[in-house]
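Participant: Here you go, start_17.cif (mmCIF, N, CA and C atoms, pLDDT in the B column; chains and numbers go by the auth columns):
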data_coords
#
loop_
_atom_site.group_PDB
_atom_site.id
_atom_site.type_symbol
_atom_site.label_atom_id
_atom_site.label_comp_id
_atom_site.label_asym_id
_atom_site.label_seq_id
_atom_site.Cartn_x
_atom_site.Cartn_y
_atom_site.Cartn_z
_atom_site.B_iso_or_equiv
_atom_site.auth_seq_id
_atom_site.auth_asym_id
ATOM 1 N N MET A 1 -3.345 20.355 13.368 78.00 1 A
ATOM 2 C CA MET A 1 -3.665 19.945 14.701 78.00 1 A
ATOM 3 C C MET A 1 -5.177 19.854 14.806 78.00 1 A
ATOM 4 N N THR A 2 -5.656 18.893 15.535 77.00 2 A
ATOM 5 C CA THR A 2 -7.097 18.742 15.738 77.00 2 A
ATOM 6 C C THR A 2 -7.395 18.699 17.223 77.00 2 A
ATOM 7 N N LYS A 3 -8.634 19.027 17.549 81.00 3 A
ATOM 8 C CA LYS A 3 -9.087 18.875 18.927 81.00 3 A
ATOM 9 C C LYS A 3 -10.583 18.639 18.907 81.00 3 A
ATOM 10 N N ARG A 4 -11.067 18.034 19.964 81.00 4 A
ATOM 11 C CA ARG A 4 -12.507 17.774 20.105 81.00 4 A
ATOM 12 C C ARG A 4 -13.031 18.625 21.257 81.00 4 A
ATOM 13 N N ILE A 5 -14.155 19.255 20.993 79.00 5 A
ATOM 14 C CA ILE A 5 -14.789 20.056 22.036 79.00 5 A
ATOM 15 C C ILE A 5 -16.259 19.654 22.115 79.00 5 A
ATOM 16 N N GLU A 6 -16.924 20.090 23.178 81.00 6 A
ATOM 17 C CA GLU A 6 -18.344 19.809 23.343 81.00 6 A
ATOM 18 C C GLU A 6 -19.083 21.131 23.443 81.00 6 A
ATOM 19 N N ILE A 7 -20.082 21.290 22.576 79.00 7 A
ATOM 20 C CA ILE A 7 -20.897 22.505 22.570 79.00 7 A
ATOM 21 C C ILE A 7 -22.350 22.091 22.736 79.00 7 A
ATOM 22 N N HIS A 8 -22.953 22.512 23.821 82.00 8 A
ATOM 23 C CA HIS A 8 -24.362 22.194 24.114 82.00 8 A
ATOM 24 C C HIS A 8 -24.624 20.693 23.999 82.00 8 A
ATOM 25 N N GLY A 9 -23.733 19.884 24.525 83.00 9 A
ATOM 26 C CA GLY A 9 -23.891 18.435 24.516 83.00 9 A
ATOM 27 C C GLY A 9 -23.482 17.759 23.222 83.00 9 A
ATOM 28 N N GLN A 10 -23.103 18.507 22.211 81.00 10 A
ATOM 29 C CA GLN A 10 -22.665 17.947 20.927 81.00 10 A
ATOM 30 C C GLN A 10 -21.145 17.955 20.862 81.00 10 A
ATOM 31 N N ARG A 11 -20.571 16.811 20.529 83.00 11 A
ATOM 32 C CA ARG A 11 -19.117 16.756 20.347 83.00 11 A
ATOM 33 C C ARG A 11 -18.779 17.221 18.933 83.00 11 A
ATOM 34 N N VAL A 12 -17.797 18.110 18.851 81.00 12 A
ATOM 35 C CA VAL A 12 -17.378 18.664 17.571 81.00 12 A
ATOM 36 C C VAL A 12 -15.867 18.511 17.448 81.00 12 A
ATOM 37 N N GLU A 13 -15.418 18.072 16.266 83.00 13 A
ATOM 38 C CA GLU A 13 -13.984 17.983 16.016 83.00 13 A
ATOM 39 C C GLU A 13 -13.579 19.206 15.206 83.00 13 A
ATOM 40 N N LEU A 14 -12.510 19.846 15.641 82.00 14 A
ATOM 41 C CA LEU A 14 -12.022 21.046 14.971 82.00 14 A
ATOM 42 C C LEU A 14 -10.622 20.808 14.433 82.00 14 A
ATOM 43 N N TYR A 15 -10.296 21.503 13.352 81.00 15 A
ATOM 44 C CA TYR A 15 -8.984 21.401 12.714 81.00 15 A
ATOM 45 C C TYR A 15 -8.376 22.791 12.634 81.00 15 A
ATOM 46 N N SER A 16 -7.085 22.875 12.938 83.00 16 A
ATOM 47 C CA SER A 16 -6.372 24.139 12.846 83.00 16 A
ATOM 48 C C SER A 16 -5.178 23.983 11.913 83.00 16 A
ATOM 49 N N PRO A 17 -5.179 24.712 10.786 77.00 17 A
ATOM 50 C CA PRO A 17 -4.035 24.633 9.875 77.00 17 A
ATOM 51 C C PRO A 17 -2.847 25.462 10.333 77.00 17 A
ATOM 52 N N ASP A 18 -3.056 26.327 11.332 83.00 18 A
ATOM 53 C CA ASP A 18 -2.001 27.255 11.747 83.00 18 A
ATOM 54 C C ASP A 18 -1.655 27.126 13.233 83.00 18 A
ATOM 55 N N LYS A 19 -1.607 25.908 13.702 80.00 19 A
ATOM 56 C CA LYS A 19 -1.175 25.582 15.065 80.00 19 A
ATOM 57 C C LYS A 19 -2.005 26.276 16.143 80.00 19 A
ATOM 58 N N GLY A 20 -3.315 26.354 15.925 77.00 20 A
ATOM 59 C CA GLY A 20 -4.200 26.823 16.973 77.00 20 A
ATOM 60 C C GLY A 20 -4.633 28.268 16.895 77.00 20 A
ATOM 61 N N ARG A 21 -4.178 29.030 15.921 82.00 21 A
ATOM 62 C CA ARG A 21 -4.624 30.429 15.826 82.00 21 A
ATOM 63 C C ARG A 21 -6.053 30.515 15.298 82.00 21 A
ATOM 64 N N THR A 22 -6.398 29.670 14.318 82.00 22 A
ATOM 65 C CA THR A 22 -7.766 29.622 13.799 82.00 22 A
ATOM 66 C C THR A 22 -8.219 28.170 13.757 82.00 22 A
ATOM 67 N N TRP A 23 -9.542 27.967 13.814 79.00 23 A
ATOM 68 C CA TRP A 23 -10.092 26.618 13.850 79.00 23 A
ATOM 69 C C TRP A 23 -11.207 26.479 12.837 79.00 23 A
ATOM 70 N N SER A 24 -11.364 25.278 12.277 76.00 24 A
ATOM 71 C CA SER A 24 -12.414 24.991 11.314 76.00 24 A
ATOM 72 C C SER A 24 -13.086 23.686 11.695 76.00 24 A
ATOM 73 N N SER A 25 -14.406 23.632 11.491 74.00 25 A
ATOM 74 C CA SER A 25 -15.122 22.377 11.730 74.00 25 A
ATOM 75 C C SER A 25 -15.538 21.739 10.413 74.00 25 A
ATOM 76 N N SER A 26 -14.998 22.211 9.301 76.00 26 A
ATOM 77 C CA SER A 26 -15.323 21.675 7.980 76.00 26 A
ATOM 78 C C SER A 26 -14.911 20.210 7.895 76.00 26 A
ATOM 79 N N PRO A 27 -15.852 19.331 7.550 73.00 27 A
ATOM 80 C CA PRO A 27 -15.494 17.905 7.427 73.00 27 A
ATOM 81 C C PRO A 27 -14.390 17.664 6.403 73.00 27 A
ATOM 82 N N GLN A 28 -14.384 18.440 5.310 79.00 28 A
ATOM 83 C CA GLN A 28 -13.358 18.260 4.287 79.00 28 A
ATOM 84 C C GLN A 28 -11.967 18.557 4.841 79.00 28 A
ATOM 85 N N SER A 29 -11.852 19.614 5.637 76.00 29 A
ATOM 86 C CA SER A 29 -10.532 19.956 6.176 76.00 29 A
ATOM 87 C C SER A 29 -10.070 18.918 7.193 76.00 29 A
ATOM 88 N N ILE A 30 -11.006 18.380 7.954 74.00 30 A
ATOM 89 C CA ILE A 30 -10.635 17.363 8.953 74.00 30 A
ATOM 90 C C ILE A 30 -10.200 16.071 8.263 74.00 30 A
ATOM 91 N N VAL A 31 -10.918 15.665 7.219 79.00 31 A
ATOM 92 C CA VAL A 31 -10.545 14.457 6.470 79.00 31 A
ATOM 93 C C VAL A 31 -9.195 14.659 5.786 79.00 31 A
ATOM 94 N N ALA A 32 -8.997 15.822 5.177 81.00 32 A
ATOM 95 C CA ALA A 32 -7.723 16.096 4.496 81.00 32 A
ATOM 96 C C ALA A 32 -6.571 16.069 5.490 81.00 32 A
ATOM 97 N N TYR A 33 -6.792 16.618 6.683 80.00 33 A
ATOM 98 C CA TYR A 33 -5.754 16.598 7.716 80.00 33 A
ATOM 99 C C TYR A 33 -5.414 15.152 8.089 80.00 33 A
ATOM 100 N N GLY A 34 -6.422 14.324 8.277 80.00 34 A
ATOM 101 C CA GLY A 34 -6.189 12.925 8.632 80.00 34 A
ATOM 102 C C GLY A 34 -5.414 12.189 7.557 80.00 34 A
ATOM 103 N N GLN A 35 -5.737 12.458 6.291 86.00 35 A
ATOM 104 C CA GLN A 35 -5.023 11.811 5.198 86.00 35 A
ATOM 105 C C GLN A 35 -3.564 12.264 5.143 86.00 35 A
ATOM 106 N N ARG A 36 -3.331 13.564 5.328 85.00 36 A
ATOM 107 C CA ARG A 36 -1.945 14.065 5.332 85.00 36 A
ATOM 108 C C ARG A 36 -1.159 13.463 6.487 85.00 36 A
ATOM 109 N N GLU A 37 -1.790 13.393 7.652 86.00 37 A
ATOM 110 C CA GLU A 37 -1.124 12.828 8.822 86.00 37 A
ATOM 111 C C GLU A 37 -0.742 11.362 8.571 86.00 37 A
ATOM 112 N N LYS A 38 -1.657 10.597 7.973 90.00 38 A
ATOM 113 C CA LYS A 38 -1.389 9.185 7.685 90.00 38 A
ATOM 114 C C LYS A 38 -0.238 9.047 6.692 90.00 38 A
ATOM 115 N N MET A 39 -0.251 9.862 5.638 92.00 39 A
ATOM 116 C CA MET A 39 0.807 9.794 4.635 92.00 39 A
ATOM 117 C C MET A 39 2.166 10.174 5.235 92.00 39 A
ATOM 118 N N LEU A 40 2.187 11.186 6.072 91.00 40 A
ATOM 119 C CA LEU A 40 3.447 11.586 6.701 91.00 40 A
ATOM 120 C C LEU A 40 3.974 10.499 7.625 91.00 40 A
ATOM 121 N N ARG A 41 3.084 9.833 8.354 92.00 41 A
ATOM 122 C CA ARG A 41 3.518 8.737 9.232 92.00 41 A
ATOM 123 C C ARG A 41 4.095 7.588 8.430 92.00 41 A
ATOM 124 N N LEU A 42 3.443 7.247 7.305 93.00 42 A
ATOM 125 C CA LEU A 42 3.960 6.171 6.461 93.00 42 A
ATOM 126 C C LEU A 42 5.322 6.527 5.881 93.00 42 A
ATOM 127 N N GLU A 43 5.471 7.762 5.436 93.00 43 A
ATOM 128 C CA GLU A 43 6.751 8.202 4.883 93.00 43 A
ATOM 129 C C GLU A 43 7.846 8.153 5.951 93.00 43 A
ATOM 130 N N LEU A 44 7.519 8.589 7.146 93.00 44 A
ATOM 131 C CA LEU A 44 8.487 8.556 8.241 93.00 44 A
ATOM 132 C C LEU A 44 8.864 7.121 8.584 93.00 44 A
ATOM 133 N N GLN A 45 7.876 6.227 8.594 93.00 45 A
ATOM 134 C CA GLN A 45 8.149 4.816 8.873 93.00 45 A
ATOM 135 C C GLN A 45 9.085 4.232 7.811 93.00 45 A
ATOM 136 N N LYS A 46 8.844 4.559 6.539 92.00 46 A
ATOM 137 C CA LYS A 46 9.708 4.068 5.469 92.00 46 A
ATOM 138 C C LYS A 46 11.129 4.584 5.633 92.00 46 A
ATOM 139 N N ARG A 47 11.260 5.842 6.015 91.00 47 A
ATOM 140 C CA ARG A 47 12.600 6.410 6.208 91.00 47 A
ATOM 141 C C ARG A 47 13.339 5.693 7.330 91.00 47 A
ATOM 142 N N PHE A 48 12.646 5.413 8.437 89.00 48 A
ATOM 143 C CA PHE A 48 13.286 4.704 9.545 89.00 48 A
ATOM 144 C C PHE A 48 13.665 3.283 9.134 89.00 48 A
ATOM 145 N N GLU A 49 12.823 2.633 8.319 88.00 49 A
ATOM 146 C CA GLU A 49 13.160 1.287 7.852 88.00 49 A
ATOM 147 C C GLU A 49 14.406 1.317 6.978 88.00 49 A
ATOM 148 N N ARG A 50 14.523 2.331 6.107 86.00 50 A
ATOM 149 C CA ARG A 50 15.716 2.449 5.267 86.00 50 A
ATOM 150 C C ARG A 50 16.962 2.683 6.118 86.00 50 A
ATOM 151 N N ILE A 51 16.833 3.511 7.137 82.00 51 A
ATOM 152 C CA ILE A 51 17.969 3.776 8.031 82.00 51 A
ATOM 153 C C ILE A 51 18.368 2.496 8.751 82.00 51 A
ATOM 154 N N ALA A 52 17.373 1.736 9.217 80.00 52 A
ATOM 155 C CA ALA A 52 17.659 0.484 9.925 80.00 52 A
ATOM 156 C C ALA A 52 18.354 -0.509 9.005 80.00 52 A
ATOM 157 N N GLU A 53 17.915 -0.576 7.745 78.00 53 A
ATOM 158 C CA GLU A 53 18.559 -1.477 6.786 78.00 53 A
ATOM 159 C C GLU A 53 20.006 -1.078 6.550 78.00 53 A
ATOM 160 N N MET A 54 20.256 0.208 6.476 75.00 54 A
ATOM 161 C CA MET A 54 21.616 0.684 6.241 75.00 54 A
ATOM 162 C C MET A 54 22.516 0.367 7.433 75.00 54 A
ATOM 163 N N GLN A 55 21.967 0.380 8.628 70.00 55 A
ATOM 164 C CA GLN A 55 22.773 0.118 9.813 70.00 55 A
ATOM 165 C C GLN A 55 23.011 -1.365 10.014 70.00 55 A
ATOM 166 N N ASP A 56 22.162 -2.217 9.450 59.00 56 A
ATOM 167 C CA ASP A 56 22.316 -3.657 9.628 59.00 56 A
ATOM 168 C C ASP A 56 23.572 -4.188 8.944 59.00 56 A
ATOM 169 N N THR A 57 23.896 -3.659 7.803 61.00 57 A
ATOM 170 C CA THR A 57 25.062 -4.161 7.076 61.00 57 A
ATOM 171 C C THR A 57 26.253 -3.257 7.322 61.00 57 A
ATOM 172 N N ASP A 58 27.224 -3.772 8.024 61.00 58 A
ATOM 173 C CA ASP A 58 28.443 -3.038 8.326 61.00 58 A
ATOM 174 C C ASP A 58 29.584 -3.683 7.546 61.00 58 A
ATOM 175 N N PRO A 59 30.101 -3.009 6.528 63.00 59 A
ATOM 176 C CA PRO A 59 31.153 -3.627 5.707 63.00 59 A
ATOM 177 C C PRO A 59 32.439 -3.897 6.477 63.00 59 A
ATOM 178 N N ASN A 60 32.658 -3.251 7.588 66.00 60 A
ATOM 179 C CA ASN A 60 33.877 -3.453 8.371 66.00 60 A
ATOM 180 C C ASN A 60 33.740 -4.570 9.397 66.00 60 A
ATOM 181 N N ASN A 61 32.550 -5.121 9.531 64.00 61 A
ATOM 182 C CA ASN A 61 32.305 -6.173 10.505 64.00 61 A
ATOM 183 C C ASN A 61 32.546 -7.529 9.844 64.00 61 A
ATOM 184 N N ILE A 62 33.645 -8.183 10.210 61.00 62 A
ATOM 185 C CA ILE A 62 33.988 -9.460 9.579 61.00 62 A
ATOM 186 C C ILE A 62 33.338 -10.644 10.286 61.00 62 A
ATOM 187 N N THR A 63 32.690 -10.424 11.403 62.00 63 A
ATOM 188 C CA THR A 63 32.077 -11.536 12.124 62.00 63 A
ATOM 189 C C THR A 63 30.851 -12.075 11.412 62.00 63 A
ATOM 190 N N ASP A 64 30.224 -11.261 10.548 58.00 64 A
ATOM 191 C CA ASP A 64 29.042 -11.715 9.834 58.00 64 A
ATOM 192 C C ASP A 64 29.379 -12.442 8.541 58.00 64 A
ATOM 193 N N ARG A 65 30.614 -12.404 8.125 60.00 65 A
ATOM 194 C CA ARG A 65 31.003 -13.014 6.854 60.00 65 A
ATOM 195 C C ARG A 65 31.406 -14.471 7.049 60.00 65 A
ATOM 196 N N GLU A 66 31.121 -15.238 6.026 65.00 66 A
ATOM 197 C CA GLU A 66 31.558 -16.629 6.046 65.00 66 A
ATOM 198 C C GLU A 66 32.960 -16.692 5.452 65.00 66 A
ATOM 199 N N ILE A 67 33.854 -17.333 6.145 64.00 67 A
ATOM 200 C CA ILE A 67 35.231 -17.449 5.666 64.00 67 A
ATOM 201 C C ILE A 67 35.415 -18.875 5.166 64.00 67 A
ATOM 202 N N PRO A 68 35.823 -19.015 3.911 64.00 68 A
ATOM 203 C CA PRO A 68 36.043 -20.374 3.372 64.00 68 A
ATOM 204 C C PRO A 68 37.106 -21.113 4.198 64.00 68 A
ATOM 205 N N LEU A 69 36.888 -22.408 4.380 65.00 69 A
ATOM 206 C CA LEU A 69 37.807 -23.214 5.181 65.00 69 A
ATOM 207 C C LEU A 69 39.208 -23.217 4.567 65.00 69 A
ATOM 208 N N SER A 70 39.318 -23.003 3.253 66.00 70 A
ATOM 209 C CA SER A 70 40.635 -23.009 2.619 66.00 70 A
ATOM 210 C C SER A 70 41.488 -21.821 3.071 66.00 70 A
ATOM 211 N N PHE A 71 40.857 -20.758 3.566 64.00 71 A
ATOM 212 C CA PHE A 71 41.607 -19.588 4.038 64.00 71 A
ATOM 213 C C PHE A 71 42.062 -19.742 5.478 64.00 71 A
ATOM 214 N N ILE A 72 41.448 -20.661 6.207 65.00 72 A
ATOM 215 C CA ILE A 72 41.769 -20.828 7.626 65.00 72 A
ATOM 216 C C ILE A 72 43.038 -21.664 7.751 65.00 72 A
ATOM 217 N N GLY A 73 43.950 -21.231 8.553 61.00 73 A
ATOM 218 C CA GLY A 73 45.186 -21.960 8.801 61.00 73 A
ATOM 219 C C GLY A 73 46.333 -21.557 7.883 61.00 73 A
ATOM 220 N N ARG A 74 46.168 -20.561 7.099 53.00 74 A
ATOM 221 C CA ARG A 74 47.272 -20.126 6.240 53.00 74 A
ATOM 222 C C ARG A 74 48.205 -19.218 6.960 53.00 74 A
#
How does this structure look as structure tokens?

Facilitator:
Amino acid sequence: MTKRIEIHGQRVELYSPDKGRTWSSSPQSIVAYGQREKMLRLELQKRFERIAEMQDTDPNNITDREIPLSFIGR
């Protein structure tokens, strides 16, 4: 989790690895947090895309299938 605060007119970004119990202003920790957050969002997006793809094809739905004209009228 990150937050921005102002100290004596200076804006400072802080990072907390433990949900707000301790805070760090280390640039390395803030950059690492941003990279992890980006990677997790991309992974989550990929998972939702896979779920959406799985829901698009319904093997029991015959309305999406093309039926050859030779089968019609039998």

Participant: Hey, can you check how far atom C of Arg11 in chain A sits from CA of Ser24 in chain A?

Facilitator: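 Distance reported for this atom pair: 12.6 Å.
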
Participant: In Å, rounded to a single decimal, give me how far CA of Gly34 in chain A is from CA of Arg47 in chain A.

Facilitator: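 Value for the CA of Arg47 in chain A-CA of Gly34 in chain A distance: 20.0 Å.
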
Participant: With only N, CA and C atoms as the atoms that count, which of A:Met1, A:Ile30, A:Ile51, A:Leu44 lies nearest to Pro17 in chain A?

Facilitator: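 Between A:Met1, A:Ile30, A:Ile51, A:Leu44, the residue approaching Pro17 in chain A most closely is A:Met1.
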
Participant: Would you mind writing down, as a ChimeraX atom specification, each residue of range 4-59 of chain A that DSSP on the backbone assigns to alpha helix (DSSP H)?

Facilitator: /A:27-56

Participant: Which distance in Å separates atom N of Asp18 in chain A and atom C of Phe48 in chain A, to one decimal?

Facilitator: 28.6 Å
